[in-house]
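For reference, the structure is listed below as structure tokens.
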Amino acid sequence: MSTQMKRLTAPRSWPLKRKTNVWVTKQSPGPHAVENSMPAAIVLRDILKLCDTAKEAKRIIGNREIFIDGKPLRSHKMPVGFMDVLSIPKLKANYRMLLTDKGKLSLVEISEAEAKWKLCRLQNKTTVRKGKTQLNLHDGRNVVLDKNEYKTGDVLKVDLDGQKISGTYPLAPGSLAMIVEGPHAGRTAVVSECIEMRGSSPNVIKFEDGTETVRDHVFVIGVKKSAIKLPEASAL
């Protein structure tokens, strides 16, 4: 299996210049889809401009100077995905990975207080031992609760230290959401209607600005206003 990919075939969500070089680092498998994440080496070199080469990025990561969701980054190929919190204690800098209104992955600088939590979409639920409910979140993490009180598609505010749920944003009319996939990726709008389709057709979400998309492409970020700091071009 190839460890690299050509820049021309890289996802359009990656903010890269296509014709500067032939090859680009290929990320290792992880919880995020390729379209919604980037290899750590590219994040450090092409977005944060902390180094000039992939070799230098490997050295920085090897020194454990970069943290993702509070844990030290171990590989230059590890995907940094949508809503992940990237911290650099040495520089006292914290960032959240989001999408611009052009559908490009972008790091938004955030405060140290905001870097202590992240928003996670509830992908599905399973019942585990003793009747407890396991929540399976979009970033690969699992949270086990005594009660089944959240719905699939809701977004949870999760503290990175201990995985405590400190808030919830339901996928419902009036909620502010970002479209994370498809032709409208990066667009932020208020949900106007949630339509449950019959059979195998995916459920549809309609927005107040007239946009509509399937439910799996929608990520709630607040109620009426955003709970997170957005890229400047997308701020409401």
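Within each chain, counting starts at residue 1; across the structure tokens, chains are named A, B, ... in the order shown, with ligands numbered 1 upward in that order.
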
Any idea what's packed within 12 Å of Asp154 in chain A, counting only C-alpha atoms, ignoring anything in its chain fewer than 3 positions away? Could you give it as a PyMOL selection string?
chain A and resi 119-125+135-138+149-151+157+167-172+175-177+215-216+218-223

So that I can see what lies close to Thr213 in chain A, please list as an MDAnalysis selection string the residues with an atom at most 12 Å from it, counting only C-alpha atoms and leaving out residues fewer than 2 positions away in the same chain.
chainID A and resid 177:185 187 189 191:195 202:207 210:211 215:219

Please identify the alpha helix (DSSP H) residues within range 8-219 of chain A (assignment by DSSP from backbone atoms) and present them as a list in words.
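Across range 8-219 of chain A, those assigned alpha helix (DSSP H) are Ala40, Ala41, Ile42, Ala54, Lys55, Glu56, Ala57, Lys58, Arg59, Ile60, Ile61 and Gly62 of chain A.
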
Filtering to N, CA, C and O atoms, could you give me those residues as a PDB file, in the first residue's frame?
ATOM      1  N   ALA A  40      -1.256  15.061  10.170  1.00  0.00           N
ATOM      2  CA  ALA A  40      -0.645  16.038  11.072  1.00  0.00           C
ATOM      3  C   ALA A  40       0.514  16.781  10.421  1.00  0.00           C
ATOM      4  O   ALA A  40       0.698  17.983  10.644  1.00  0.00           O
ATOM      5  N   ALA A  41       1.305  16.095   9.604  1.00  0.00           N
ATOM      6  CA  ALA A  41       2.457  16.736   8.961  1.00  0.00           C
ATOM      7  C   ALA A  41       2.023  17.893   8.076  1.00  0.00           C
ATOM      8  O   ALA A  41       2.670  18.952   8.044  1.00  0.00           O
ATOM      9  N   ILE A  42       0.922  17.727   7.349  1.00  0.00           N
ATOM     10  CA  ILE A  42       0.431  18.790   6.471  1.00  0.00           C
ATOM     11  C   ILE A  42      -0.118  19.948   7.300  1.00  0.00           C
ATOM     12  O   ILE A  42       0.056  21.122   6.951  1.00  0.00           O
ATOM     13  N   ALA A  54       8.375  17.943   5.612  1.00  0.00           N
ATOM     14  CA  ALA A  54       7.764  16.859   6.377  1.00  0.00           C
ATOM     15  C   ALA A  54       8.750  16.292   7.398  1.00  0.00           C
ATOM     16  O   ALA A  54       8.356  15.871   8.492  1.00  0.00           O
ATOM     17  N   LYS A  55      10.042  16.309   7.060  1.00  0.00           N
ATOM     18  CA  LYS A  55      11.065  15.819   7.980  1.00  0.00           C
ATOM     19  C   LYS A  55      11.087  16.653   9.259  1.00  0.00           C
ATOM     20  O   LYS A  55      11.192  16.118  10.372  1.00  0.00           O
ATOM     21  N   GLU A  56      10.966  17.969   9.106  1.00  0.00           N
ATOM     22  CA  GLU A  56      10.935  18.845  10.270  1.00  0.00           C
ATOM     23  C   GLU A  56       9.662  18.624  11.083  1.00  0.00           C
ATOM     24  O   GLU A  56       9.673  18.687  12.315  1.00  0.00           O
ATOM     25  N   ALA A  57       8.547  18.357  10.386  1.00  0.00           N
ATOM     26  CA  ALA A  57       7.288  18.082  11.073  1.00  0.00           C
ATOM     27  C   ALA A  57       7.412  16.816  11.928  1.00  0.00           C
ATOM     28  O   ALA A  57       6.925  16.769  13.060  1.00  0.00           O
ATOM     29  N   LYS A  58       8.069  15.799  11.372  1.00  0.00           N
ATOM     30  CA  LYS A  58       8.290  14.550  12.119  1.00  0.00           C
ATOM     31  C   LYS A  58       9.094  14.809  13.391  1.00  0.00           C
ATOM     32  O   LYS A  58       8.818  14.228  14.443  1.00  0.00           O
ATOM     33  N   ARG A  59      10.071  15.689  13.296  1.00  0.00           N
ATOM     34  CA  ARG A  59      10.907  15.986  14.455  1.00  0.00           C
ATOM     35  C   ARG A  59      10.090  16.678  15.550  1.00  0.00           C
ATOM     36  O   ARG A  59      10.209  16.354  16.736  1.00  0.00           O
ATOM     37  N   ILE A  60       9.272  17.630  15.156  1.00  0.00           N
ATOM     38  CA  ILE A  60       8.431  18.342  16.130  1.00  0.00           C
ATOM     39  C   ILE A  60       7.477  17.372  16.827  1.00  0.00           C
ATOM     40  O   ILE A  60       7.310  17.401  18.045  1.00  0.00           O
ATOM     41  N   ILE A  61       6.864  16.503  16.022  1.00  0.00           N
ATOM     42  CA  ILE A  61       5.926  15.529  16.583  1.00  0.00           C
ATOM     43  C   ILE A  61       6.653  14.529  17.471  1.00  0.00           C
ATOM     44  O   ILE A  61       6.161  14.134  18.531  1.00  0.00           O
ATOM     45  N   GLY A  62       7.867  14.126  17.051  1.00  0.00           N
ATOM     46  CA  GLY A  62       8.649  13.191  17.847  1.00  0.00           C
ATOM     47  C   GLY A  62       9.043  13.742  19.199  1.00  0.00           C
ATOM     48  O   GLY A  62       9.231  12.987  20.169  1.00  0.00           O
TER      49      GLY A  62
END

Check the smallest atom-to-atom distance from each of A:Lys6, A:Lys90, A:Val85, A:Leu107 to Leu48 in chain A using only C-alpha atoms, then report the winner.
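That would be A:Leu107, the residue with the smallest distance to Leu48 in chain A.
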
Which is closer to Glu112 in chain A than all the others in A:Thr152, A:Ser87, A:Thr127, A:Gln134, using only C-alpha atoms?
A:Ser87

My list of candidates is A:Asp69, A:Asp52, A:Asp139, A:Asp101. Which is closest to Pro31 in chain A when distances are computed with only C-alpha atoms?
A:Asp139

For Leu16 in chain A, please output as a list in words all residues within 9 Å (counting only C-alpha atoms; exclusion window: fewer than 5 positions along the same chain).
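Counting only the stated atoms, we get Arg7, Ala10, Ile42, Asp46 and Ile47 of chain A.
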
Could you pull out the strand (DSSP E) residues of range 64-225 of chain A, going by DSSP on the backbone, and write them as JSON, numbers by chain?
{"A": [67, 68, 71, 72, 79, 80, 81, 85, 86, 87, 88, 93, 94, 95, 96, 97, 98, 99, 105, 106, 107, 108, 109, 110, 117, 118, 119, 120, 121, 122, 123, 124, 125, 126, 127, 133, 134, 135, 136, 137, 142, 143, 144, 145, 155, 156, 157, 158, 159, 165, 166, 167, 168, 169, 175, 176, 177, 178, 179, 188, 189, 190, 191, 192, 193, 194, 195, 204, 205, 206, 207, 212, 213, 214, 218, 219, 220, 221, 222, 223, 225]}
